[in-house]
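The next block is run-v9.cif, given as mmCIF, C-alpha atoms.
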```
data_entry
loop_
_atom_site.label_atom_id
_atom_site.label_comp_id
_atom_site.auth_asym_id
_atom_site.auth_seq_id
_atom_site.Cartn_x
_atom_site.Cartn_y
_atom_site.Cartn_z
CA MET A 1 87.93 30.66 149.13
CA LYS A 2 85.66 28.88 151.61
CA GLU A 3 87.19 26.36 154.00
CA HIS A 4 86.03 22.76 153.66
CA ILE A 5 84.19 20.77 156.32
CA VAL A 6 83.48 17.08 155.77
CA THR A 7 80.72 15.36 157.73
CA ILE A 8 80.60 11.58 157.77
CA GLY A 9 78.12 9.10 159.23
CA THR A 10 74.99 7.12 158.55
CA GLY A 11 72.40 8.14 156.02
CA ALA A 12 69.76 5.72 157.35
CA ASN A 13 66.36 7.07 158.35
CA GLY A 14 66.49 8.32 161.92
CA GLY A 15 67.93 10.92 164.24
CA ILE A 16 71.47 11.30 162.88
CA ASP A 17 70.31 11.78 159.31
CA SER A 18 67.72 14.32 160.50
CA VAL A 19 70.39 16.22 162.42
CA VAL A 20 72.75 16.47 159.45
CA LYS A 21 69.99 17.50 157.06
CA GLY A 22 68.91 20.15 159.57
CA TYR A 23 72.43 21.55 159.74
CA GLU A 24 72.50 21.74 155.95
CA SER A 25 69.08 23.35 155.48
CA ASP A 26 69.38 25.78 158.38
CA GLY A 27 72.69 27.30 157.29
CA LEU A 28 75.37 25.87 159.56
CA PHE A 29 77.65 25.32 156.58
CA ASP A 30 76.84 28.52 154.67
CA SER A 31 80.28 29.95 155.43
CA TYR A 32 82.03 26.73 154.43
CA SER A 33 82.24 24.34 151.52
CA HIS A 34 80.46 21.31 152.95
CA ILE A 35 80.97 17.73 151.79
CA ARG A 36 78.79 14.96 153.23
CA VAL A 37 80.01 11.36 153.06
CA VAL A 38 77.54 8.57 153.85
CA SER A 39 79.31 5.56 155.35
CA HIS A 40 76.29 3.44 156.34
CA LEU A 41 72.63 2.93 155.40
CA GLY A 42 71.66 -0.24 157.25
CA LYS A 43 70.17 -1.99 154.20
CA SER A 44 72.47 -5.02 154.31
CA LYS A 45 75.89 -5.97 155.66
CA PHE A 46 77.32 -6.25 152.14
CA HIS A 47 76.00 -2.83 151.14
CA ASP A 48 77.28 -1.25 154.35
CA LEU A 49 80.71 -2.80 153.77
CA TRP A 50 80.73 -1.28 150.29
CA LEU A 51 79.73 2.11 151.72
CA PHE A 52 82.50 1.88 154.32
CA VAL A 53 85.16 1.12 151.71
CA ASN A 54 83.77 3.84 149.45
CA ALA A 55 83.86 6.30 152.35
CA ILE A 56 87.54 5.53 152.95
CA LEU A 57 88.32 6.11 149.29
CA SER A 58 86.24 9.32 149.30
CA LEU A 59 88.17 10.69 152.26
CA PHE A 60 91.52 10.03 150.63
CA LYS A 61 90.27 11.66 147.43
CA VAL A 62 88.94 14.74 149.24
CA PHE A 63 91.97 15.15 151.51
CA LEU A 64 94.32 14.90 148.54
CA ARG A 65 92.30 17.32 146.42
CA VAL A 66 91.42 20.14 148.83
CA ARG A 67 92.49 21.44 152.21
CA VAL A 68 89.86 20.25 154.70
CA LYS A 69 89.46 22.20 157.91
CA ILE A 70 87.42 19.70 159.97
CA LEU A 71 86.23 16.12 159.74
CA HIS A 72 82.94 16.02 161.69
CA CYS A 73 82.11 12.38 162.53
CA HIS A 74 78.62 11.38 163.66
CA MET A 75 79.04 8.28 165.85
CA SER A 76 76.81 5.87 167.73
CA TYR A 77 78.30 2.50 168.83
CA LYS A 78 79.30 -0.97 167.61
CA GLY A 79 80.28 -0.77 163.93
CA SER A 80 79.83 2.98 163.94
CA PHE A 81 82.64 3.34 166.47
CA TRP A 82 85.08 1.24 164.42
CA ARG A 83 84.23 3.14 161.25
CA LYS A 84 84.80 6.51 162.94
CA LEU A 85 88.07 5.31 164.45
CA THR A 86 89.22 4.45 160.93
CA PHE A 87 88.12 7.82 159.53
CA VAL A 88 89.82 9.74 162.35
CA LEU A 89 93.09 7.89 161.78
CA ILE A 90 92.94 8.78 158.08
CA ALA A 91 92.24 12.43 158.90
CA LYS A 92 95.25 12.55 161.20
CA LEU A 93 97.47 11.35 158.35
CA PHE A 94 96.52 14.56 156.54
CA ASN A 95 96.64 16.82 159.63
CA VAL A 96 92.88 17.42 159.40
CA ARG A 97 91.28 18.47 162.67
CA THR A 98 88.76 15.94 163.98
CA LEU A 99 85.46 16.19 165.81
CA VAL A 100 83.41 13.23 167.03
CA HIS A 101 79.73 13.86 167.73
CA LEU A 102 78.27 11.07 169.88
CA HIS A 103 74.62 10.14 169.29
CA GLY A 104 74.61 6.49 170.43
CA SER A 105 71.80 5.70 172.84
CA GLU A 106 73.40 2.39 173.89
CA PHE A 107 76.98 3.61 174.01
CA LYS A 108 77.25 3.13 177.79
CA GLN A 109 76.17 -0.51 177.56
CA TYR A 110 78.44 -1.03 174.56
CA TYR A 111 81.49 0.38 176.35
CA SER A 112 80.91 -1.47 179.61
CA SER A 113 80.51 -4.84 177.88
CA ARG A 114 83.61 -4.63 175.64
CA SER A 115 87.01 -6.23 175.99
CA SER A 116 89.98 -4.28 177.33
CA LEU A 117 91.28 -3.84 173.79
CA THR A 118 88.03 -2.30 172.58
CA LYS A 119 87.68 -0.12 175.68
CA ASN A 120 91.20 1.21 175.20
CA SER A 121 90.45 1.90 171.53
CA ILE A 122 87.32 3.83 172.50
CA LEU A 123 89.23 5.83 175.10
CA TRP A 124 92.00 6.56 172.62
CA LEU A 125 89.46 7.98 170.18
CA ILE A 126 87.76 10.13 172.81
CA ARG A 127 91.07 11.49 174.10
CA ASN A 128 92.75 12.12 170.76
CA VAL A 129 90.15 13.89 168.63
CA ASP A 130 90.31 17.67 168.72
CA GLU A 131 86.71 18.01 169.93
CA PHE A 132 84.29 15.48 171.39
CA VAL A 133 80.63 16.55 171.53
CA VAL A 134 77.70 14.87 173.30
CA LEU A 135 73.96 15.58 173.39
CA SER A 136 73.36 16.42 177.03
CA ASP A 137 74.92 17.24 180.39
CA SER A 138 74.42 13.68 181.67
CA TRP A 139 76.33 12.30 178.67
CA LYS A 140 79.03 14.93 179.25
CA LEU A 141 79.51 13.73 182.84
CA TYR A 142 79.68 10.11 181.71
CA ILE A 143 82.23 10.62 178.92
CA GLU A 144 84.39 12.88 181.07
CA GLY A 145 84.22 10.26 183.83
CA ILE A 146 85.57 7.43 181.69
CA SER A 147 88.05 9.45 179.64
CA GLY A 148 89.34 12.23 181.87
CA ARG A 149 89.04 14.83 179.10
CA ASN A 150 86.76 17.83 178.75
CA VAL A 151 83.90 17.36 176.31
CA THR A 152 81.22 19.71 175.03
CA SER A 153 77.45 19.28 175.40
CA ILE A 154 75.29 20.57 172.54
CA ASN A 155 71.64 19.61 172.25
CA ASN A 156 70.00 18.37 169.10
CA TYR A 157 67.43 20.75 167.69
CA VAL A 158 64.64 20.97 165.15
CA ASN A 159 62.69 23.94 163.79
CA ILE A 160 59.05 22.92 163.88
CA ASN A 161 55.65 24.32 164.81
CA SER A 162 52.28 22.59 165.00
CA VAL A 163 49.62 23.00 162.34
CA ALA A 164 46.54 24.83 163.58
CA THR A 165 44.01 22.00 163.81
CA THR A 166 41.78 20.17 166.25
CA ARG A 167 43.44 17.18 167.89
CA LEU A 168 41.82 13.80 167.30
CA GLU A 169 40.54 12.34 170.56
CA GLY A 170 42.18 9.08 171.54
CA HIS A 171 44.80 9.09 168.79
CA ILE A 172 48.23 7.87 169.98
CA LEU A 173 51.44 8.50 168.03
CA PHE A 174 54.62 6.40 168.00
CA LEU A 175 57.56 7.70 165.91
CA ALA A 176 60.57 5.39 166.07
CA ALA A 177 62.21 2.26 164.73
CA PHE A 178 60.29 -0.97 165.23
CA ILE A 179 62.79 -2.56 167.60
CA THR A 180 62.62 -3.76 171.20
CA ARG A 181 64.79 -0.90 172.47
CA LYS A 182 62.15 1.64 171.46
CA GLY A 183 59.47 -0.08 173.56
CA ILE A 184 57.07 -0.79 170.71
CA TYR A 185 56.14 -4.26 171.98
CA ASP A 186 55.43 -2.90 175.46
CA LEU A 187 53.26 -0.19 173.90
CA LEU A 188 51.20 -2.70 171.92
CA ASN A 189 50.62 -4.84 175.00
CA ALA A 190 49.69 -1.76 177.01
CA CYS A 191 47.09 -0.79 174.42
CA THR A 192 45.11 -3.95 175.28
CA LEU A 193 44.69 -2.51 178.79
CA LEU A 194 43.25 0.87 177.76
CA ASN A 195 39.77 1.62 179.04
CA ARG A 196 38.75 3.96 176.22
CA ASP A 197 38.54 4.04 172.45
CA PHE A 198 41.89 4.72 170.81
CA HIS A 199 43.76 4.58 167.53
CA LEU A 200 47.50 3.98 167.40
CA HIS A 201 49.62 5.48 164.61
CA LEU A 202 52.91 3.58 164.12
CA CYS A 203 55.49 5.55 162.15
CA GLY A 204 58.77 3.81 161.45
CA ALA A 205 60.12 0.47 160.28
CA GLY A 206 62.40 -2.34 161.36
CA GLU A 207 60.92 -5.56 162.67
CA ASP A 208 57.79 -4.95 160.62
CA GLU A 209 56.56 -8.52 160.31
CA LYS A 210 57.06 -9.24 164.00
CA VAL A 211 55.14 -6.08 164.92
CA ARG A 212 52.29 -6.90 162.52
CA GLN A 213 52.05 -10.41 163.95
CA LEU A 214 51.74 -9.07 167.49
CA VAL A 215 49.11 -6.53 166.39
CA GLY A 216 47.08 -9.40 164.94
CA LYS A 217 47.62 -11.65 167.94
CA LEU A 218 46.39 -8.90 170.28
CA ASN A 219 43.34 -8.20 168.08
CA LEU A 220 44.46 -4.61 167.48
CA THR A 221 44.34 -4.64 163.68
CA GLU A 222 41.39 -2.23 163.44
CA SER A 223 42.99 0.12 165.97
CA VAL A 224 46.44 0.46 164.40
CA THR A 225 47.65 2.28 161.28
CA PHE A 226 51.10 1.52 159.87
CA HIS A 227 52.56 4.61 158.20
CA GLY A 228 56.14 3.45 157.58
CA TRP A 229 58.82 6.13 157.78
CA VAL A 230 57.04 9.44 157.26
CA ASP A 231 58.31 12.61 155.60
CA ALA A 232 58.56 15.92 157.45
CA ASN A 233 55.13 17.19 156.41
CA THR A 234 53.33 13.98 157.38
CA LYS A 235 55.17 13.89 160.68
CA LYS A 236 54.20 17.49 161.43
CA ASP A 237 50.58 16.74 160.52
CA LEU A 238 50.44 13.73 162.87
CA LEU A 239 52.18 15.63 165.69
CA SER A 240 49.55 18.34 165.29
CA LYS A 241 46.52 16.02 165.13
CA CYS A 242 47.20 13.20 167.60
CA SER A 243 46.38 13.40 171.30
CA VAL A 244 49.67 12.10 172.69
CA MET A 245 53.14 11.04 171.52
CA ILE A 246 54.68 8.10 173.33
CA LEU A 247 58.25 6.80 173.23
CA PRO A 248 58.68 4.09 175.92
CA SER A 249 62.35 3.41 175.17
CA TYR A 250 64.85 1.34 177.13
CA ASN A 251 67.85 3.43 175.98
CA GLU A 252 68.16 6.79 174.25
CA GLY A 253 70.47 9.71 173.67
CA LEU A 254 68.25 12.73 173.15
CA PRO A 255 65.55 11.66 170.67
CA MET A 256 64.66 14.05 167.86
CA THR A 257 61.07 12.81 168.10
CA LEU A 258 60.84 14.14 171.63
CA ILE A 259 62.11 17.58 170.60
CA GLU A 260 59.71 17.67 167.65
CA SER A 261 56.84 16.81 169.98
CA LEU A 262 57.63 19.65 172.36
CA GLY A 263 57.79 22.02 169.40
CA CYS A 264 54.36 20.89 168.20
CA LYS A 265 52.81 21.13 171.67
CA ILE A 266 51.66 17.53 171.84
CA PRO A 267 51.68 15.81 175.26
CA VAL A 268 54.65 13.46 175.66
CA ILE A 269 54.99 10.17 177.52
CA SER A 270 58.47 8.69 177.66
CA THR A 271 60.97 7.03 179.99
CA PRO A 272 63.76 8.45 182.21
CA VAL A 273 66.64 7.05 180.11
CA GLY A 274 69.54 8.80 178.43
CA ALA A 275 68.99 12.55 178.43
CA ILE A 276 65.20 12.35 178.38
CA SER A 277 64.80 13.19 182.07
CA GLU A 278 66.77 16.40 181.49
CA VAL A 279 63.98 17.54 179.18
CA ILE A 280 60.85 15.72 180.34
CA VAL A 281 60.19 16.40 184.00
CA ASP A 282 57.31 14.21 185.10
CA GLY A 283 54.21 16.30 185.69
CA GLU A 284 55.92 19.52 184.52
CA THR A 285 56.91 19.21 180.86
CA GLY A 286 55.50 15.75 180.14
CA TYR A 287 55.08 12.35 181.72
CA LEU A 288 57.51 9.52 182.50
CA VAL A 289 57.05 5.78 182.98
CA GLU A 290 59.58 3.10 183.81
CA PRO A 291 61.03 1.19 180.84
CA GLY A 292 59.27 -2.12 180.34
CA SER A 293 56.34 -1.34 182.65
CA ILE A 294 53.28 -2.21 180.57
CA ASP A 295 50.93 -1.31 183.41
CA GLN A 296 52.51 2.15 183.83
CA ILE A 297 52.29 2.78 180.08
CA ALA A 298 48.61 1.87 180.04
CA ASP A 299 47.83 3.90 183.17
CA LYS A 300 49.61 6.99 181.84
CA LEU A 301 47.95 6.72 178.43
CA ASN A 302 44.54 6.42 180.08
CA TYR A 303 45.35 9.44 182.22
CA VAL A 304 46.62 11.69 179.42
CA LEU A 305 43.78 10.70 177.09
CA SER A 306 41.31 11.74 179.81
CA SER A 307 42.54 15.36 179.33
CA PRO A 308 43.49 16.10 182.95
CA PRO A 309 43.18 19.74 184.12
CA GLU A 310 46.95 20.37 184.14
CA LEU A 311 47.53 19.07 180.60
CA ASN A 312 47.53 22.46 178.85
CA ALA A 313 50.00 23.89 181.36
CA ILE A 314 52.31 20.90 180.94
CA VAL A 315 52.20 21.24 177.15
CA ASP A 316 52.96 24.96 177.44
CA ASN A 317 55.89 24.26 179.78
CA GLY A 318 57.24 21.71 177.33
CA HIS A 319 56.98 24.14 174.45
CA GLN A 320 58.80 26.80 176.44
CA LYS A 321 61.59 24.29 177.12
CA TYR A 322 61.75 23.71 173.37
CA VAL A 323 61.93 27.42 172.51
CA GLU A 324 64.69 28.06 175.04
CA ASN A 325 66.87 25.05 174.21
CA PHE A 326 66.11 23.26 170.96
CA THR A 327 65.86 25.66 168.00
CA SER A 328 68.46 26.54 165.39
CA GLU A 329 68.69 30.06 166.82
CA VAL A 330 69.96 28.56 170.08
CA ILE A 331 72.04 25.62 168.81
CA LEU A 332 73.73 26.70 165.57
CA PRO A 333 75.76 29.52 167.20
CA LYS A 334 77.24 26.90 169.53
CA TRP A 335 78.35 24.82 166.56
CA GLN A 336 79.72 27.88 164.80
CA SER A 337 81.74 28.66 167.92
CA ILE A 338 83.15 25.11 167.98
CA TYR A 339 84.16 25.32 164.31
CA GLU A 340 85.81 28.70 164.81
CA LYS A 341 87.70 27.42 167.84
CA MET A 342 89.04 24.55 165.74
CA SER A 343 90.49 26.91 163.12
#
```
Write out the structure in this file as structure tokens.
Amino acid sequence: MKEHIVTIGTGANGGIDSVVKGYESDGLFDSYSHIRVVSHLGKSKFHDLWLFVNAILSLFKVFLRVRVKILHCHMSYKGSFWRKLTFVLIAKLFNVRTLVHLHGSEFKQYYSSRSSLTKNSILWLIRNVDEFVVLSDSWKLYIEGISGRNVTSINNYVNINSVATTRLEGHILFLAAFITRKGIYDLLNACTLLNRDFHLHLCGAGEDEKVRQLVGKLNLTESVTFHGWVDANTKKDLLSKCSVMILPSYNEGLPMTLIESLGCKIPVISTPVGAISEVIVDGETGYLVEPGSIDQIADKLNYVLSSPPELNAIVDNGHQKYVENFTSEVILPKWQSIYEKMS
């Protein structure tokens, strides 16, 4: 009989959901009986409260019905932390081994701004789960620094290749939530400073009306296409056709969009936040600008869209980084090793 692994976390569009679906489709759980519990969707506070209560009831039902080997919790910050703390406490009542997988891009800011009670609760969780996993070496150093325990660094991954097609000159791609943290408002303002024809593809959702209002105010309506959240095929098509992918974020973990871009060999412009600078080395595997610098964003877009001589080499370097670090062939054996160690 296969051992059971339960994964629990958000099912909202974005990186965590993509990660879990990738694990499922690429065979991480083939040797196990896998149960996924969605504890959050971000549609409304009432709906999320219902999902949280339902998740608690689901865990009790599962733990009482079958012997679960591991509870794998996907955590970010704020409410996500408190939900995972609750789920871990329930798992410990049933002697289920626990693993917390930290994705939260703003976790550092969240921790540093909390009360002593919340900080101590966070530290208790980090120190008392059986395994604590982060997305990069810089996050590993941070968590070990505040908690004093050893943690494991495992990158996110995605299996993706570009479609053979000619890239559209001047087409800029943004793939992220429409929120300030992702730098979308800086990007729109920077587009007014571009000295060449361009078309901006916005893929995502969030503060939709606010974004549309700014697009109109800046007279960019004819130069912007709103795609909403796109499916995997549409995303791959845009990554293969556009001239550059830009993610001018203020905070990140290790964005899936960035990994997907390297896999599709599209030039990347981003910011040195979170684990991004471990992957994007300015002038070697992509380009970096400072968060919030509209002038730098515009200058770098103008530069990349001019097709500088080194661009092909930089794209090739980025793709090699992807092949060596961010595919299922590289990452899934690390997860399998973690699961086996927790037996």
Residue with smallest distance to Thr234 of chain A - pool A:Ile276, A:Val133, A:Val163, A:Ile259, counting all atoms listed in the file
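When distances to Thr234 of chain A are compared using all atoms listed in the file, the smallest one comes from A:Val163.
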Using all atoms listed in the file: which of A:Ser147, A:Leu238, A:Leu262, A:Lys217 has the shortest distance to Thr166 of chain A
A:Leu238
Per residue of segment 150-189 of chain A within 12 Å of segment 308-320 of chain A, note the shortest atom pair and the distance in Å to one decimal, counting all atoms listed in the file, and order the rows by chain and increasing residue number, as a tab-separated table.
```
residue	atom	partner	partner_atom	distance
A:Ile160	CA	A:His319	CA	10.8
A:Asn161	CA	A:His319	CA	9.7
A:Ser162	CA	A:His319	CA	10.7
```
Result set, the PyMOL selection byres ((chain A and resi 98-100) around 6) on current file, as a ChimeraX atom specification
/A:70-73,97,101,129-132
What does the distance between atom CA of Gly206 of chain A and atom CA of Gly15 of chain A come to in Å, to one decimal place?
14.7 Å
Explicit residues for the PyMOL selection byres ((chain A and resi 149) around 12) (as a list of chain:residue names)
A:Leu123, A:Trp124, A:Leu125, A:Ile126, A:Arg127, A:Asn128, A:Val129, A:Asp130, A:Glu131, A:Phe132, A:Val133, A:Lys140, A:Leu141, A:Tyr142, A:Ile143, A:Glu144, A:Gly145, A:Ile146, A:Ser147, A:Gly148, A:Asn150, A:Val151, A:Thr152
For Thr225 of chain A: contacts at 12 Å, only C-alpha atoms, fewer than 5 positions along chain excluded, given as an MDAnalysis selection string:
chainID A and resid 171:174 198:204 211:212 215 220 238
Atom CA of His103 of chain A and atom CA of Met75 of chain A, how far apart in Å?
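Result for atom CA of Met75 of chain A versus atom CA of His103 of chain A: 5.9 Å, one decimal.
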For each of A:Trp82, A:Phe107, A:Phe326, A:Tyr185, take the minimum atom-to-atom distance to Ile297 of chain A, counting all atoms listed in the file, then give the residue where this is smallest.
A:Tyr185
With a cut-off of 10 Å, could you pull out the residues of segment 245-279 of chain A touching segment 289-292 of chain A and give me the nearest pair of atoms for each, distance in Å to one decimal, using only C-alpha atoms, ordered by chain and ascending number, as a Markdown table?
```
| residue | atom | partner | partner_atom | distance |
| --- | --- | --- | --- | --- |
| A:Leu247 | CA | A:Pro291 | CA | 9.9 |
| A:Pro248 | CA | A:Pro291 | CA | 6.2 |
| A:Ser249 | CA | A:Pro291 | CA | 6.2 |
| A:Tyr250 | CA | A:Pro291 | CA | 5.3 |
| A:Asn251 | CA | A:Pro291 | CA | 8.7 |
| A:Ile269 | CA | A:Val289 | CA | 7.3 |
| A:Ser270 | CA | A:Val289 | CA | 6.2 |
| A:Thr271 | CA | A:Val289 | CA | 5.1 |
| A:Pro272 | CA | A:Glu290 | CA | 7.0 |
| A:Val273 | CA | A:Pro291 | CA | 8.1 |
```
C-alpha atoms of the current selection, written as a PDB file, in the frame of the given file:
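Generated file (part.pdb):
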```
ATOM      1  CA  LEU A 247      58.250   6.800 173.230  1.00  0.00           C
ATOM      2  CA  PRO A 248      58.680   4.090 175.920  1.00  0.00           C
ATOM      3  CA  SER A 249      62.350   3.410 175.170  1.00  0.00           C
ATOM      4  CA  TYR A 250      64.850   1.340 177.130  1.00  0.00           C
ATOM      5  CA  ASN A 251      67.850   3.430 175.980  1.00  0.00           C
ATOM      6  CA  ILE A 269      54.990  10.170 177.520  1.00  0.00           C
ATOM      7  CA  SER A 270      58.470   8.690 177.660  1.00  0.00           C
ATOM      8  CA  THR A 271      60.970   7.030 179.990  1.00  0.00           C
ATOM      9  CA  PRO A 272      63.760   8.450 182.210  1.00  0.00           C
ATOM     10  CA  VAL A 273      66.640   7.050 180.110  1.00  0.00           C
TER      11      VAL A 273
END
```
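Ranking A:Leu239, A:Met245, A:Leu187, A:Val230 by their shortest atom-to-atom distance to Ala164 of chain A, with all atoms listed in the file included, puts A:Leu239 first.
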In Å and to one decimal, atom CA of Arg65 of chain A is distant from atom CA of Ser39 of chain A by 19.7 Å
Can you list, as a ChimeraX atom specification, the residues that the PyMOL selection byres ((chain A and resi 327) around 10) selects here?
/A:155-160,259,263,322-326,328-332
Excluding segment 32-34 of chain A and any residue of its chain fewer than 5 positions from it, enumerate the residues within 9 Å of it, using only C-alpha atoms, and give them as a PyMOL selection string.
chain A and resi 1-7+24
Measuring between all atoms listed in the file, which one of A:Ala232, A:Val224, A:Ile184, A:Ile280 shows the shortest distance to Asp197 of chain A?
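For Asp197 of chain A, the nearest of the candidates is A:Val224.
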I'd like the contact shell of segment 53-62 of chain A - 9 Å cut-off, only C-alpha atoms, skipping same-chain residues fewer than 2 positions apart - returned as a list in words.
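Here the answer would be Val6, Ile8, Ile35, Val37, Val38, Ser39, Asp48, Leu49, Trp50, Leu51, Leu64, Arg65, Val66, Arg67, Val68, Thr86, Phe87, Ile90, Ala91 and Phe94 of chain A.
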Which of A:Gly274, A:Met256, A:Gly42, A:Gln336 sits closest to Gly22 of chain A [using only C-alpha atoms]:
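Among A:Gly274, A:Met256, A:Gly42, A:Gln336, it is A:Met256 that comes nearest to Gly22 of chain A.
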File output, segment 182-195 of chain A (N, CA, C and O atoms) as a CSV table (one decimal), in the first residue's frame:
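Below you can see part-v8.csv, which holds the result:
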```csv
chain,number,residue,atom,x,y,z
A,182,LYS,N,4.8,44.2,-7.4
A,182,LYS,CA,5.3,43.6,-8.6
A,182,LYS,C,5.9,44.7,-9.6
A,182,LYS,O,6.4,44.4,-10.6
A,183,GLY,N,5.7,46.0,-9.2
A,183,GLY,CA,6.3,47.0,-10.0
A,183,GLY,C,5.5,47.4,-11.3
A,183,GLY,O,6.1,48.1,-12.2
A,184,ILE,N,4.3,47.0,-11.4
A,184,ILE,CA,3.5,47.3,-12.6
A,184,ILE,C,3.3,48.8,-12.8
A,184,ILE,O,3.3,49.3,-14.0
A,185,TYR,N,3.1,49.6,-11.8
A,185,TYR,CA,2.9,51.0,-11.9
A,185,TYR,C,4.2,51.7,-12.4
A,185,TYR,O,4.2,52.6,-13.2
A,186,ASP,N,5.3,51.2,-11.9
A,186,ASP,CA,6.6,51.8,-12.3
A,186,ASP,C,6.8,51.4,-13.8
A,186,ASP,O,7.3,52.3,-14.6
A,187,LEU,N,6.5,50.2,-14.2
A,187,LEU,CA,6.6,49.8,-15.6
A,187,LEU,C,5.8,50.7,-16.5
A,187,LEU,O,6.3,51.1,-17.6
A,188,LEU,N,4.5,50.9,-16.2
A,188,LEU,CA,3.7,51.8,-17.0
A,188,LEU,C,4.2,53.2,-17.2
A,188,LEU,O,4.3,53.7,-18.3
A,189,ASN,N,4.7,53.7,-16.1
A,189,ASN,CA,5.3,55.1,-16.1
A,189,ASN,C,6.6,55.1,-17.0
A,189,ASN,O,6.8,56.0,-17.7
A,190,ALA,N,7.3,54.0,-16.9
A,190,ALA,CA,8.6,53.9,-17.7
A,190,ALA,C,8.3,53.8,-19.1
A,190,ALA,O,9.1,54.3,-20.0
A,191,CYS,N,7.2,53.2,-19.5
A,191,CYS,CA,6.8,53.0,-20.9
A,191,CYS,C,6.6,54.4,-21.6
A,191,CYS,O,6.8,54.5,-22.8
A,192,THR,N,6.2,55.4,-20.8
A,192,THR,CA,6.0,56.7,-21.4
A,192,THR,C,7.4,57.4,-21.8
A,192,THR,O,7.4,58.4,-22.5
A,193,LEU,N,8.5,56.8,-21.3
A,193,LEU,CA,9.8,57.3,-21.6
A,193,LEU,C,10.5,56.6,-22.7
A,193,LEU,O,11.7,56.9,-23.0
A,194,LEU,N,9.9,55.6,-23.3
A,194,LEU,CA,10.6,54.8,-24.3
A,194,LEU,C,10.7,55.6,-25.6
A,194,LEU,O,9.8,56.3,-26.0
A,195,ASN,N,11.8,55.4,-26.3
A,195,ASN,CA,12.1,56.2,-27.5
A,195,ASN,C,11.9,55.4,-28.7
A,195,ASN,O,12.5,55.7,-29.8
```
